[in-house]
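Structure file start_28.cif (mmCIF, N, CA and C atoms) follows.
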```
data_run
#
loop_
_atom_site.label_atom_id
_atom_site.label_comp_id
_atom_site.auth_asym_id
_atom_site.auth_seq_id
_atom_site.Cartn_x
_atom_site.Cartn_y
_atom_site.Cartn_z
N MET Y 268 -6.47 -17.04 -8.87
CA MET Y 268 -6.19 -15.70 -8.36
C MET Y 268 -6.46 -14.72 -9.48
N LYS Y 269 -7.44 -13.85 -9.22
CA LYS Y 269 -7.70 -12.79 -10.19
C LYS Y 269 -8.19 -11.57 -9.43
N PRO Y 270 -7.44 -10.47 -9.52
CA PRO Y 270 -7.89 -9.26 -8.82
C PRO Y 270 -9.17 -8.72 -9.44
N SER Y 271 -10.01 -8.12 -8.59
CA SER Y 271 -11.24 -7.51 -9.10
C SER Y 271 -11.00 -6.09 -9.60
N HIS Y 272 -10.02 -5.42 -9.01
CA HIS Y 272 -9.69 -4.05 -9.43
C HIS Y 272 -8.43 -3.59 -8.68
N ILE Y 273 -7.91 -2.45 -9.09
CA ILE Y 273 -6.81 -1.85 -8.34
C ILE Y 273 -7.45 -1.23 -7.10
N GLU Y 274 -7.06 -1.71 -5.94
CA GLU Y 274 -7.64 -1.24 -4.68
C GLU Y 274 -7.08 0.14 -4.35
N HIS Y 275 -5.76 0.25 -4.41
CA HIS Y 275 -5.14 1.56 -4.19
C HIS Y 275 -3.73 1.60 -4.74
N ILE Y 276 -3.24 2.82 -4.86
CA ILE Y 276 -1.85 3.06 -5.23
C ILE Y 276 -1.22 3.76 -4.02
N GLY Y 277 -0.14 3.17 -3.51
CA GLY Y 277 0.55 3.72 -2.35
C GLY Y 277 1.65 4.67 -2.77
N ILE Y 278 1.68 5.84 -2.15
CA ILE Y 278 2.68 6.86 -2.47
C ILE Y 278 3.40 7.25 -1.18
N ALA Y 279 4.70 7.07 -1.16
CA ALA Y 279 5.52 7.40 0.00
C ALA Y 279 5.78 8.90 0.03
N VAL Y 280 5.52 9.53 1.19
CA VAL Y 280 5.74 10.97 1.35
C VAL Y 280 6.47 11.23 2.67
N ASN Y 281 7.18 12.33 2.72
CA ASN Y 281 7.84 12.72 3.97
C ASN Y 281 6.85 13.20 5.01
N SER Y 282 5.79 13.88 4.56
CA SER Y 282 4.84 14.49 5.48
C SER Y 282 3.44 14.49 4.89
N LEU Y 283 2.48 13.96 5.64
CA LEU Y 283 1.08 14.06 5.21
C LEU Y 283 0.63 15.51 5.19
N ASP Y 284 1.05 16.28 6.20
CA ASP Y 284 0.62 17.68 6.30
C ASP Y 284 1.01 18.50 5.07
N THR Y 285 2.18 18.24 4.51
CA THR Y 285 2.60 19.01 3.33
C THR Y 285 2.13 18.37 2.02
N SER Y 286 1.74 17.09 2.06
CA SER Y 286 1.34 16.39 0.84
C SER Y 286 -0.16 16.42 0.58
N ILE Y 287 -0.96 16.38 1.62
CA ILE Y 287 -2.42 16.34 1.46
C ILE Y 287 -2.94 17.54 0.67
N PRO Y 288 -2.45 18.77 0.90
CA PRO Y 288 -2.98 19.91 0.14
C PRO Y 288 -2.91 19.75 -1.39
N TYR Y 289 -1.89 19.09 -1.90
CA TYR Y 289 -1.83 18.88 -3.35
C TYR Y 289 -3.04 18.09 -3.83
N TYR Y 290 -3.35 17.01 -3.14
CA TYR Y 290 -4.47 16.15 -3.55
C TYR Y 290 -5.81 16.84 -3.36
N GLU Y 291 -5.93 17.65 -2.31
CA GLU Y 291 -7.20 18.34 -2.06
C GLU Y 291 -7.34 19.62 -2.88
N ASN Y 292 -6.32 20.48 -2.85
CA ASN Y 292 -6.45 21.80 -3.46
C ASN Y 292 -6.16 21.83 -4.95
N VAL Y 293 -5.32 20.93 -5.43
CA VAL Y 293 -4.99 20.91 -6.86
C VAL Y 293 -5.85 19.90 -7.59
N LEU Y 294 -5.91 18.67 -7.09
CA LEU Y 294 -6.68 17.63 -7.77
C LEU Y 294 -8.15 17.61 -7.38
N GLY Y 295 -8.50 18.28 -6.28
CA GLY Y 295 -9.90 18.35 -5.86
C GLY Y 295 -10.41 17.08 -5.19
N LEU Y 296 -9.50 16.23 -4.70
CA LEU Y 296 -9.91 15.02 -3.99
C LEU Y 296 -10.08 15.33 -2.51
N GLU Y 297 -10.85 14.50 -1.83
CA GLU Y 297 -11.08 14.69 -0.40
C GLU Y 297 -10.37 13.62 0.39
N CYS Y 298 -9.58 14.03 1.36
CA CYS Y 298 -8.96 13.09 2.28
C CYS Y 298 -10.05 12.62 3.24
N TYR Y 299 -10.42 11.35 3.14
CA TYR Y 299 -11.53 10.87 3.96
C TYR Y 299 -11.08 10.09 5.19
N ALA Y 300 -9.80 9.76 5.28
CA ALA Y 300 -9.33 9.01 6.45
C ALA Y 300 -7.84 9.17 6.64
N ILE Y 301 -7.45 9.36 7.89
CA ILE Y 301 -6.04 9.35 8.29
C ILE Y 301 -5.93 8.33 9.41
N GLU Y 302 -4.94 7.45 9.29
CA GLU Y 302 -4.83 6.34 10.24
C GLU Y 302 -3.37 5.98 10.44
N GLU Y 303 -3.00 5.64 11.66
CA GLU Y 303 -1.65 5.13 11.92
C GLU Y 303 -1.71 3.61 11.96
N VAL Y 304 -0.79 2.99 11.23
CA VAL Y 304 -0.65 1.53 11.24
C VAL Y 304 0.66 1.25 11.96
N GLN Y 305 0.56 0.98 13.25
CA GLN Y 305 1.74 0.91 14.10
C GLN Y 305 2.72 -0.17 13.70
N ASP Y 306 2.23 -1.36 13.35
CA ASP Y 306 3.17 -2.45 13.04
C ASP Y 306 3.93 -2.19 11.74
N GLN Y 307 3.41 -1.32 10.86
CA GLN Y 307 4.12 -0.96 9.64
C GLN Y 307 4.87 0.36 9.79
N LYS Y 308 4.69 1.00 10.94
CA LYS Y 308 5.39 2.25 11.26
C LYS Y 308 5.11 3.35 10.24
N VAL Y 309 3.81 3.48 9.90
CA VAL Y 309 3.39 4.52 8.96
C VAL Y 309 2.10 5.17 9.43
N LYS Y 310 1.90 6.38 8.94
CA LYS Y 310 0.62 7.07 9.06
C LYS Y 310 0.11 7.19 7.63
N THR Y 311 -1.16 6.86 7.42
CA THR Y 311 -1.72 6.85 6.07
C THR Y 311 -2.82 7.91 5.93
N ALA Y 312 -3.00 8.37 4.71
CA ALA Y 312 -4.11 9.25 4.36
C ALA Y 312 -4.71 8.69 3.06
N PHE Y 313 -6.03 8.62 3.00
CA PHE Y 313 -6.71 8.02 1.85
C PHE Y 313 -7.58 9.02 1.11
N PHE Y 314 -7.56 8.88 -0.22
CA PHE Y 314 -8.39 9.66 -1.13
C PHE Y 314 -9.07 8.68 -2.07
N LYS Y 315 -10.33 8.89 -2.38
CA LYS Y 315 -11.08 8.03 -3.30
C LYS Y 315 -11.08 8.67 -4.69
N LEU Y 316 -10.82 7.85 -5.69
CA LEU Y 316 -10.85 8.30 -7.07
C LEU Y 316 -11.52 7.20 -7.89
N GLY Y 317 -12.81 7.32 -8.11
CA GLY Y 317 -13.56 6.24 -8.74
C GLY Y 317 -13.56 5.03 -7.82
N ASP Y 318 -13.24 3.86 -8.36
CA ASP Y 318 -13.17 2.63 -7.56
C ASP Y 318 -11.80 2.43 -6.93
N THR Y 319 -10.87 3.33 -7.21
CA THR Y 319 -9.50 3.20 -6.73
C THR Y 319 -9.22 4.27 -5.68
N LYS Y 320 -8.32 3.94 -4.77
CA LYS Y 320 -7.92 4.89 -3.75
C LYS Y 320 -6.44 5.25 -3.95
N ILE Y 321 -6.10 6.42 -3.48
CA ILE Y 321 -4.71 6.85 -3.36
C ILE Y 321 -4.39 6.79 -1.87
N GLU Y 322 -3.30 6.11 -1.52
CA GLU Y 322 -2.88 6.02 -0.12
C GLU Y 322 -1.53 6.71 0.03
N LEU Y 323 -1.50 7.78 0.82
CA LEU Y 323 -0.23 8.42 1.14
C LEU Y 323 0.33 7.73 2.37
N LEU Y 324 1.64 7.48 2.37
CA LEU Y 324 2.31 6.78 3.46
C LEU Y 324 3.42 7.66 4.02
N GLU Y 325 3.25 8.08 5.26
CA GLU Y 325 4.27 8.87 5.95
C GLU Y 325 4.94 7.97 7.00
N PRO Y 326 6.26 7.82 6.96
CA PRO Y 326 6.91 6.99 7.97
C PRO Y 326 6.81 7.62 9.35
N THR Y 327 6.63 6.77 10.37
CA THR Y 327 6.59 7.26 11.75
C THR Y 327 7.86 6.86 12.50
N ASP Y 328 8.77 6.18 11.81
CA ASP Y 328 10.02 5.73 12.42
C ASP Y 328 11.08 5.71 11.32
N ASP Y 329 12.28 6.16 11.64
CA ASP Y 329 13.36 6.20 10.65
C ASP Y 329 13.76 4.82 10.15
N GLU Y 330 13.41 3.78 10.88
CA GLU Y 330 13.76 2.41 10.48
C GLU Y 330 12.62 1.70 9.77
N SER Y 331 11.53 2.39 9.52
CA SER Y 331 10.39 1.74 8.84
C SER Y 331 10.73 1.49 7.37
N PRO Y 332 10.08 0.49 6.75
CA PRO Y 332 10.31 0.24 5.33
C PRO Y 332 10.05 1.48 4.45
N VAL Y 333 9.04 2.26 4.80
CA VAL Y 333 8.73 3.45 3.99
C VAL Y 333 9.82 4.51 4.15
N ALA Y 334 10.34 4.67 5.36
CA ALA Y 334 11.44 5.63 5.57
C ALA Y 334 12.67 5.21 4.78
N LYS Y 335 12.96 3.92 4.78
CA LYS Y 335 14.11 3.41 4.01
C LYS Y 335 13.89 3.60 2.52
N PHE Y 336 12.66 3.39 2.06
CA PHE Y 336 12.32 3.61 0.65
C PHE Y 336 12.59 5.05 0.27
N ILE Y 337 12.09 6.00 1.08
CA ILE Y 337 12.27 7.43 0.78
C ILE Y 337 13.75 7.80 0.81
N ALA Y 338 14.49 7.26 1.77
CA ALA Y 338 15.93 7.56 1.85
C ALA Y 338 16.66 7.08 0.61
N LYS Y 339 16.24 5.97 0.06
CA LYS Y 339 16.91 5.38 -1.11
C LYS Y 339 16.42 5.97 -2.44
N LYS Y 340 15.10 6.15 -2.57
CA LYS Y 340 14.52 6.54 -3.86
C LYS Y 340 13.83 7.89 -3.87
N GLY Y 341 13.61 8.47 -2.69
CA GLY Y 341 12.86 9.71 -2.61
C GLY Y 341 11.36 9.45 -2.56
N GLU Y 342 10.62 10.52 -2.39
CA GLU Y 342 9.17 10.39 -2.37
C GLU Y 342 8.67 9.89 -3.72
N GLY Y 343 7.55 9.19 -3.71
CA GLY Y 343 6.96 8.74 -4.96
C GLY Y 343 6.19 7.45 -4.80
N MET Y 344 5.85 6.88 -5.95
CA MET Y 344 5.04 5.65 -5.93
C MET Y 344 5.78 4.56 -5.18
N HIS Y 345 5.10 3.99 -4.22
CA HIS Y 345 5.68 2.96 -3.36
C HIS Y 345 5.19 1.57 -3.74
N HIS Y 346 3.88 1.42 -3.96
CA HIS Y 346 3.33 0.10 -4.30
C HIS Y 346 1.98 0.24 -5.00
N ILE Y 347 1.57 -0.88 -5.60
CA ILE Y 347 0.23 -0.97 -6.17
C ILE Y 347 -0.47 -2.13 -5.47
N ALA Y 348 -1.72 -1.90 -5.11
CA ALA Y 348 -2.50 -2.89 -4.36
C ALA Y 348 -3.67 -3.38 -5.20
N TYR Y 349 -3.78 -4.69 -5.28
CA TYR Y 349 -4.87 -5.32 -6.02
C TYR Y 349 -5.88 -5.91 -5.05
N ALA Y 350 -7.15 -5.69 -5.31
CA ALA Y 350 -8.22 -6.26 -4.48
C ALA Y 350 -8.38 -7.73 -4.83
N MET Y 351 -8.33 -8.56 -3.79
CA MET Y 351 -8.46 -10.01 -3.94
C MET Y 351 -9.61 -10.52 -3.08
N GLU Y 352 -10.30 -11.51 -3.57
CA GLU Y 352 -11.38 -12.13 -2.81
C GLU Y 352 -10.84 -12.79 -1.55
N ASP Y 353 -9.71 -13.51 -1.69
CA ASP Y 353 -9.11 -14.23 -0.56
C ASP Y 353 -7.60 -14.00 -0.60
N VAL Y 354 -7.11 -13.12 0.25
CA VAL Y 354 -5.70 -12.74 0.24
C VAL Y 354 -4.81 -13.95 0.54
N GLY Y 355 -5.19 -14.77 1.51
CA GLY Y 355 -4.39 -15.94 1.86
C GLY Y 355 -4.21 -16.90 0.70
N SER Y 356 -5.29 -17.19 -0.01
CA SER Y 356 -5.22 -18.07 -1.17
C SER Y 356 -4.39 -17.45 -2.29
N ALA Y 357 -4.55 -16.14 -2.48
CA ALA Y 357 -3.79 -15.45 -3.53
C ALA Y 357 -2.30 -15.50 -3.24
N LEU Y 358 -1.92 -15.33 -1.96
CA LEU Y 358 -0.50 -15.41 -1.60
C LEU Y 358 0.04 -16.82 -1.84
N LYS Y 359 -0.71 -17.82 -1.45
CA LYS Y 359 -0.28 -19.21 -1.65
C LYS Y 359 -0.11 -19.52 -3.14
N GLU Y 360 -1.07 -19.06 -3.95
CA GLU Y 360 -0.98 -19.30 -5.39
C GLU Y 360 0.22 -18.58 -6.00
N ALA Y 361 0.47 -17.36 -5.55
CA ALA Y 361 1.63 -16.62 -6.06
C ALA Y 361 2.91 -17.36 -5.73
N GLU Y 362 3.01 -17.88 -4.52
CA GLU Y 362 4.20 -18.63 -4.12
C GLU Y 362 4.35 -19.91 -4.94
N GLN Y 363 3.24 -20.60 -5.18
CA GLN Y 363 3.27 -21.82 -6.01
C GLN Y 363 3.73 -21.52 -7.43
N LYS Y 364 3.47 -20.31 -7.89
CA LYS Y 364 3.89 -19.90 -9.23
C LYS Y 364 5.32 -19.37 -9.25
N GLY Y 365 6.01 -19.48 -8.11
CA GLY Y 365 7.42 -19.12 -8.06
C GLY Y 365 7.73 -17.70 -7.65
N LEU Y 366 6.74 -16.95 -7.19
CA LEU Y 366 6.99 -15.58 -6.79
C LEU Y 366 7.51 -15.54 -5.36
N ARG Y 367 8.35 -14.57 -5.09
CA ARG Y 367 8.90 -14.38 -3.75
C ARG Y 367 7.93 -13.53 -2.93
N LEU Y 368 7.59 -14.01 -1.74
CA LEU Y 368 6.64 -13.32 -0.89
C LEU Y 368 7.36 -12.55 0.22
N ILE Y 369 6.82 -11.42 0.58
CA ILE Y 369 7.24 -10.73 1.79
C ILE Y 369 6.40 -11.26 2.95
N ASP Y 370 5.11 -11.48 2.68
CA ASP Y 370 4.18 -12.02 3.67
C ASP Y 370 3.66 -13.37 3.22
N LYS Y 371 3.92 -14.40 4.00
CA LYS Y 371 3.39 -15.73 3.66
C LYS Y 371 1.94 -15.89 4.10
N GLU Y 372 1.53 -15.09 5.08
CA GLU Y 372 0.16 -15.09 5.57
C GLU Y 372 -0.36 -13.66 5.58
N PRO Y 373 -1.67 -13.46 5.40
CA PRO Y 373 -2.22 -12.11 5.47
C PRO Y 373 -2.02 -11.50 6.85
N ARG Y 374 -1.87 -10.19 6.87
CA ARG Y 374 -1.77 -9.46 8.14
C ARG Y 374 -2.70 -8.27 8.08
N GLN Y 375 -2.85 -7.61 9.20
CA GLN Y 375 -3.76 -6.47 9.30
C GLN Y 375 -3.14 -5.23 8.68
N GLY Y 376 -3.89 -4.55 7.82
CA GLY Y 376 -3.44 -3.31 7.21
C GLY Y 376 -4.38 -2.17 7.54
N ALA Y 377 -4.21 -1.05 6.88
CA ALA Y 377 -5.06 0.12 7.08
C ALA Y 377 -6.49 -0.20 6.65
N GLU Y 378 -7.42 0.54 7.17
CA GLU Y 378 -8.85 0.41 6.89
C GLU Y 378 -9.39 -0.99 7.22
N GLY Y 379 -8.73 -1.69 8.13
CA GLY Y 379 -9.21 -3.01 8.54
C GLY Y 379 -9.04 -4.09 7.49
N MET Y 380 -8.25 -3.82 6.47
CA MET Y 380 -8.06 -4.79 5.38
C MET Y 380 -7.05 -5.86 5.78
N LYS Y 381 -7.20 -7.03 5.19
CA LYS Y 381 -6.17 -8.07 5.26
C LYS Y 381 -5.25 -7.82 4.08
N ILE Y 382 -3.94 -7.85 4.33
CA ILE Y 382 -2.98 -7.53 3.28
C ILE Y 382 -1.84 -8.53 3.25
N GLY Y 383 -1.16 -8.59 2.11
CA GLY Y 383 0.05 -9.38 1.97
C GLY Y 383 0.83 -8.84 0.78
N PHE Y 384 2.16 -8.77 0.94
CA PHE Y 384 3.02 -8.19 -0.10
C PHE Y 384 3.84 -9.24 -0.82
N LEU Y 385 4.05 -8.99 -2.12
CA LEU Y 385 4.95 -9.77 -2.95
C LEU Y 385 6.22 -8.96 -3.13
N HIS Y 386 7.35 -9.63 -3.14
CA HIS Y 386 8.64 -8.93 -3.25
C HIS Y 386 8.82 -8.36 -4.66
N PRO Y 387 9.28 -7.11 -4.77
CA PRO Y 387 9.44 -6.50 -6.09
C PRO Y 387 10.46 -7.20 -6.98
N LYS Y 388 11.38 -7.97 -6.41
CA LYS Y 388 12.34 -8.69 -7.25
C LYS Y 388 11.68 -9.78 -8.08
N SER Y 389 10.45 -10.16 -7.72
CA SER Y 389 9.77 -11.19 -8.51
C SER Y 389 8.54 -10.62 -9.23
N THR Y 390 8.36 -9.30 -9.17
CA THR Y 390 7.20 -8.68 -9.82
C THR Y 390 7.62 -7.50 -10.71
N ASN Y 391 8.69 -7.68 -11.44
CA ASN Y 391 9.17 -6.66 -12.37
C ASN Y 391 9.48 -5.33 -11.71
N GLY Y 392 9.97 -5.38 -10.47
CA GLY Y 392 10.40 -4.18 -9.77
C GLY Y 392 9.31 -3.39 -9.09
N VAL Y 393 8.07 -3.91 -9.09
CA VAL Y 393 6.96 -3.18 -8.47
C VAL Y 393 6.54 -3.90 -7.19
N LEU Y 394 6.65 -3.20 -6.05
CA LEU Y 394 6.14 -3.76 -4.81
C LEU Y 394 4.64 -3.95 -4.98
N THR Y 395 4.17 -5.18 -4.81
CA THR Y 395 2.78 -5.53 -5.08
C THR Y 395 2.11 -5.97 -3.79
N GLU Y 396 0.93 -5.42 -3.56
CA GLU Y 396 0.14 -5.78 -2.38
C GLU Y 396 -1.16 -6.43 -2.82
N PHE Y 397 -1.53 -7.50 -2.14
CA PHE Y 397 -2.86 -8.07 -2.27
C PHE Y 397 -3.63 -7.62 -1.05
N CYS Y 398 -4.86 -7.19 -1.24
CA CYS Y 398 -5.65 -6.80 -0.08
C CYS Y 398 -7.11 -7.18 -0.28
N GLY Y 399 -7.77 -7.40 0.84
CA GLY Y 399 -9.17 -7.79 0.80
C GLY Y 399 -9.85 -7.49 2.12
N LYS Y 400 -11.13 -7.70 2.12
CA LYS Y 400 -11.94 -7.45 3.32
C LYS Y 400 -11.53 -8.40 4.44
N LYS Y 401 -11.96 -8.07 5.63
CA LYS Y 401 -11.63 -8.84 6.82
C LYS Y 401 -11.99 -10.31 6.65
#
```

Go ahead and render the structure in this file as structure tokens.
Amino acid sequence: MKPSHIEHIGIAVNSLDTSIPYYENVLGLECYAIEEVQDQKVKTAFFKLGDTKIELLEPTDDESPVAKFIAKKGEGMHHIAYAMEDVGSALKEAEQKGLRLIDKEPRQGAEGMKIGFLHPKSTNGVLTEFCGKK
């Protein structure tokens, strides 16, 4: 298991409408995609910055993991995502190395990616996502 690069950094926000202008008008980035991921109960907005993306996450349900994160910690960095050749193999290897998984198998994420999360209690407090192509 070796990531090729940081795929994206996820940032939890209360509202895409009020958050997107900072990235566009202050940082000069372009929001190239907005998408709802229903099973994760979020709406996402993506910005490209070199080989890395910034993903804004707006909860669409008060019971979503992102809504609970914001209620507990406020808006801010939610997770870091590493690009993996094979998400399923990377998750299995992480588990074999003693890490706690949120997802034992890859699932569908934004932009058609396969994703899987590692629990922050086993990754030095950082919610970690593995993601890869379909």

* If we count all atoms listed in the file, what is near Lys381 of chain Y at a cut-off of 8 Å, once residues fewer than 6 positions away on the same chain are taken out, given as a ChimeraX atom specification? -> /Y:354-355,372-375,397-401

Writing out the chosen residues with N, CA and C atoms as an mmCIF file, keeping the file's coordinate frame:
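result-v9.cif, written as the output of this step:
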```
data_model
loop_
_atom_site.group_PDB
_atom_site.id
_atom_site.type_symbol
_atom_site.label_atom_id
_atom_site.label_comp_id
_atom_site.auth_asym_id
_atom_site.auth_seq_id
_atom_site.Cartn_x
_atom_site.Cartn_y
_atom_site.Cartn_z
ATOM 1 N N VAL Y 354 -7.110 -13.120 0.250
ATOM 2 C CA VAL Y 354 -5.700 -12.740 0.240
ATOM 3 C C VAL Y 354 -4.810 -13.950 0.540
ATOM 4 N N GLY Y 355 -5.190 -14.770 1.510
ATOM 5 C CA GLY Y 355 -4.390 -15.940 1.860
ATOM 6 C C GLY Y 355 -4.210 -16.900 0.700
ATOM 7 N N GLU Y 372 1.530 -15.090 5.080
ATOM 8 C CA GLU Y 372 0.160 -15.090 5.570
ATOM 9 C C GLU Y 372 -0.360 -13.660 5.580
ATOM 10 N N PRO Y 373 -1.670 -13.460 5.400
ATOM 11 C CA PRO Y 373 -2.220 -12.110 5.470
ATOM 12 C C PRO Y 373 -2.020 -11.500 6.850
ATOM 13 N N ARG Y 374 -1.870 -10.190 6.870
ATOM 14 C CA ARG Y 374 -1.770 -9.460 8.140
ATOM 15 C C ARG Y 374 -2.700 -8.270 8.080
ATOM 16 N N GLN Y 375 -2.850 -7.610 9.200
ATOM 17 C CA GLN Y 375 -3.760 -6.470 9.300
ATOM 18 C C GLN Y 375 -3.140 -5.230 8.680
ATOM 19 N N PHE Y 397 -1.530 -7.500 -2.140
ATOM 20 C CA PHE Y 397 -2.860 -8.070 -2.270
ATOM 21 C C PHE Y 397 -3.630 -7.620 -1.050
ATOM 22 N N CYS Y 398 -4.860 -7.190 -1.240
ATOM 23 C CA CYS Y 398 -5.650 -6.800 -0.080
ATOM 24 C C CYS Y 398 -7.110 -7.180 -0.280
ATOM 25 N N GLY Y 399 -7.770 -7.400 0.840
ATOM 26 C CA GLY Y 399 -9.170 -7.790 0.800
ATOM 27 C C GLY Y 399 -9.850 -7.490 2.120
ATOM 28 N N LYS Y 400 -11.130 -7.700 2.120
ATOM 29 C CA LYS Y 400 -11.940 -7.450 3.320
ATOM 30 C C LYS Y 400 -11.530 -8.400 4.440
ATOM 31 N N LYS Y 401 -11.960 -8.070 5.630
ATOM 32 C CA LYS Y 401 -11.630 -8.840 6.820
ATOM 33 C C LYS Y 401 -11.990 -10.310 6.650
#
```

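Residues with any atom within 6 Å of Ile276 of chain Y, counting all atoms listed in the file and excluding same-chain neighbours fewer than 6 positions away, are Lys320, Ile321, Glu322, His346, Ile347 and Ala348 of chain Y.
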
* To do: For Ser282 of chain Y, work out the shell of residues within 12 Å, counting only C-alpha atoms and skipping chain neighbours fewer than 6 positions away, then give it as a list in words.
  =>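 Result of the neighbour search: Pro288, Tyr289, Val309, Lys310, Thr311, Ala312, Leu323, Leu324, Glu325, Pro326, Thr327, Val333, Ala334, Ile337 and Glu342 of chain Y.
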
Could those selected residues go to a file with N, CA and C atoms, as a tab-separated table (two decimals), in the coordinates of the input?
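To be explicit, this is the file written out as again.tsv:
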```tsv
chain	number	residue	atom	x	y	z
Y	288	PRO	N	-2.45	18.77	0.90
Y	288	PRO	CA	-2.98	19.91	0.14
Y	288	PRO	C	-2.91	19.75	-1.39
Y	289	TYR	N	-1.89	19.09	-1.90
Y	289	TYR	CA	-1.83	18.88	-3.35
Y	289	TYR	C	-3.04	18.09	-3.83
Y	309	VAL	N	3.81	3.48	9.90
Y	309	VAL	CA	3.39	4.52	8.96
Y	309	VAL	C	2.10	5.17	9.43
Y	310	LYS	N	1.90	6.38	8.94
Y	310	LYS	CA	0.62	7.07	9.06
Y	310	LYS	C	0.11	7.19	7.63
Y	311	THR	N	-1.16	6.86	7.42
Y	311	THR	CA	-1.72	6.85	6.07
Y	311	THR	C	-2.82	7.91	5.93
Y	312	ALA	N	-3.00	8.37	4.71
Y	312	ALA	CA	-4.11	9.25	4.36
Y	312	ALA	C	-4.71	8.69	3.06
Y	323	LEU	N	-1.50	7.78	0.82
Y	323	LEU	CA	-0.23	8.42	1.14
Y	323	LEU	C	0.33	7.73	2.37
Y	324	LEU	N	1.64	7.48	2.37
Y	324	LEU	CA	2.31	6.78	3.46
Y	324	LEU	C	3.42	7.66	4.02
Y	325	GLU	N	3.25	8.08	5.26
Y	325	GLU	CA	4.27	8.87	5.95
Y	325	GLU	C	4.94	7.97	7.00
Y	326	PRO	N	6.26	7.82	6.96
Y	326	PRO	CA	6.91	6.99	7.97
Y	326	PRO	C	6.81	7.62	9.35
Y	327	THR	N	6.63	6.77	10.37
Y	327	THR	CA	6.59	7.26	11.75
Y	327	THR	C	7.86	6.86	12.50
Y	333	VAL	N	9.04	2.26	4.80
Y	333	VAL	CA	8.73	3.45	3.99
Y	333	VAL	C	9.82	4.51	4.15
Y	334	ALA	N	10.34	4.67	5.36
Y	334	ALA	CA	11.44	5.63	5.57
Y	334	ALA	C	12.67	5.21	4.78
Y	337	ILE	N	12.09	6.00	1.08
Y	337	ILE	CA	12.27	7.43	0.78
Y	337	ILE	C	13.75	7.80	0.81
Y	342	GLU	N	10.62	10.52	-2.39
Y	342	GLU	CA	9.17	10.39	-2.37
Y	342	GLU	C	8.67	9.89	-3.72
```

* Give me every alpha helix (DSSP H) residue in segment 278-394 of chain Y, going by DSSP on the backbone, as a list of chain:residue names. =>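 After running DSSP on the backbone, segment 278-394 of chain Y has alpha helix (DSSP H) at Y:Leu283, Y:Asp284, Y:Thr285, Y:Ser286, Y:Ile287, Y:Pro288, Y:Pro332, Y:Val333, Y:Ala334, Y:Lys335, Y:Phe336, Y:Ile337, Y:Ala338, Y:Lys339, Y:Lys340, Y:Val354, Y:Gly355, Y:Ser356, Y:Ala357, Y:Leu358, Y:Lys359, Y:Glu360, Y:Ala361, Y:Glu362, Y:Gln363.
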
* Pick out the closest residue to Ile273 of chain Y from this set: Y:Cys298, Y:Ala350, Y:Met380, Y:Leu385. Count only N, CA and C atoms. =>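 Selected residue with least distance to Ile273 of chain Y: Y:Ala350.
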
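Between Glu352 of chain Y and the candidates Y:Val280, Y:Ile382, Y:Ala377, Y:Leu368, the tightest atom-to-atom separation, counting only C-alpha atoms, involves Y:Ile382.
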
Box for segment 322-328 of chain Y - axis-aligned, 8 Å on each of the six sides, all listed atoms - centre and size in Å to one decimal, as AutoDock Vina command-line options.
```
--center_x 3.9 --center_y 7.3 --center_z 5.5 --size_x 30.4 --size_y 19.2 --size_z 30.0
```

* Selection: 6 Å around His386 of chain Y, only C-alpha atoms, excl. self and same-chain fewer than 2 positions, as a list in words -> Arg367, Leu368, Ile369, Lys388, Ser389 and Leu394 of chain Y

* Mind pulling up the distance from atom CA of Phe314 of chain Y to atom CA of Leu296 of chain Y? ->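 According to the coordinates, atom CA of Leu296 of chain Y and atom CA of Phe314 of chain Y are separated by 6.3 Å.
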
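Take atom N of Lys359 of chain Y and atom N of Phe384 of chain Y: the distance between them is 9.8 Å.
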
* Any idea what the distance is between atom N of Lys269 of chain Y and atom CA of Val304 of chain Y? ->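 That distance, rounded to one decimal, is 26.5 Å.
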
* Hey, what comes out of the PyMOL selection byres ((chain Y and resi 270) around 6) on this file? Could you write it as a list in words? -> Met268, Lys269, Ser271, His272, Tyr349, Ala350 and Met351 of chain Y

* Asked: Which residue gives the smallest distance to Lys308 of chain Y among Y:Ser356, Y:Ser331, Y:Thr395, Y:Thr390, with only C-alpha atoms counted?
  -> Y:Ser331

Could you pull segment 388-395 of chain Y out of the structure I just pasted and write it to a file containing N, CA and C atoms, as a tab-separated table (two decimals), in the first residue's frame?
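Dumped everything to part_34.tsv:
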```tsv
chain	number	residue	atom	x	y	z
Y	388	LYS	N	-9.18	7.17	15.38
Y	388	LYS	CA	-8.55	6.68	16.61
Y	388	LYS	C	-7.33	5.81	16.34
Y	389	SER	N	-7.18	5.35	15.09
Y	389	SER	CA	-6.00	4.54	14.77
Y	389	SER	C	-5.07	5.26	13.79
Y	390	THR	N	-5.37	6.53	13.49
Y	390	THR	CA	-4.54	7.28	12.54
Y	390	THR	C	-4.13	8.64	13.11
Y	391	ASN	N	-3.76	8.64	14.36
Y	391	ASN	CA	-3.29	9.86	15.02
Y	391	ASN	C	-4.30	11.00	15.00
Y	392	GLY	N	-5.58	10.65	15.08
Y	392	GLY	CA	-6.63	11.65	15.17
Y	392	GLY	C	-7.09	12.24	13.86
Y	393	VAL	N	-6.57	11.74	12.73
Y	393	VAL	CA	-6.95	12.28	11.43
Y	393	VAL	C	-7.84	11.27	10.70
Y	394	LEU	N	-9.07	11.67	10.38
Y	394	LEU	CA	-9.93	10.82	9.56
Y	394	LEU	C	-9.24	10.67	8.21
Y	395	THR	N	-8.97	9.44	7.82
Y	395	THR	CA	-8.20	9.15	6.62
Y	395	THR	C	-9.07	8.40	5.62
```
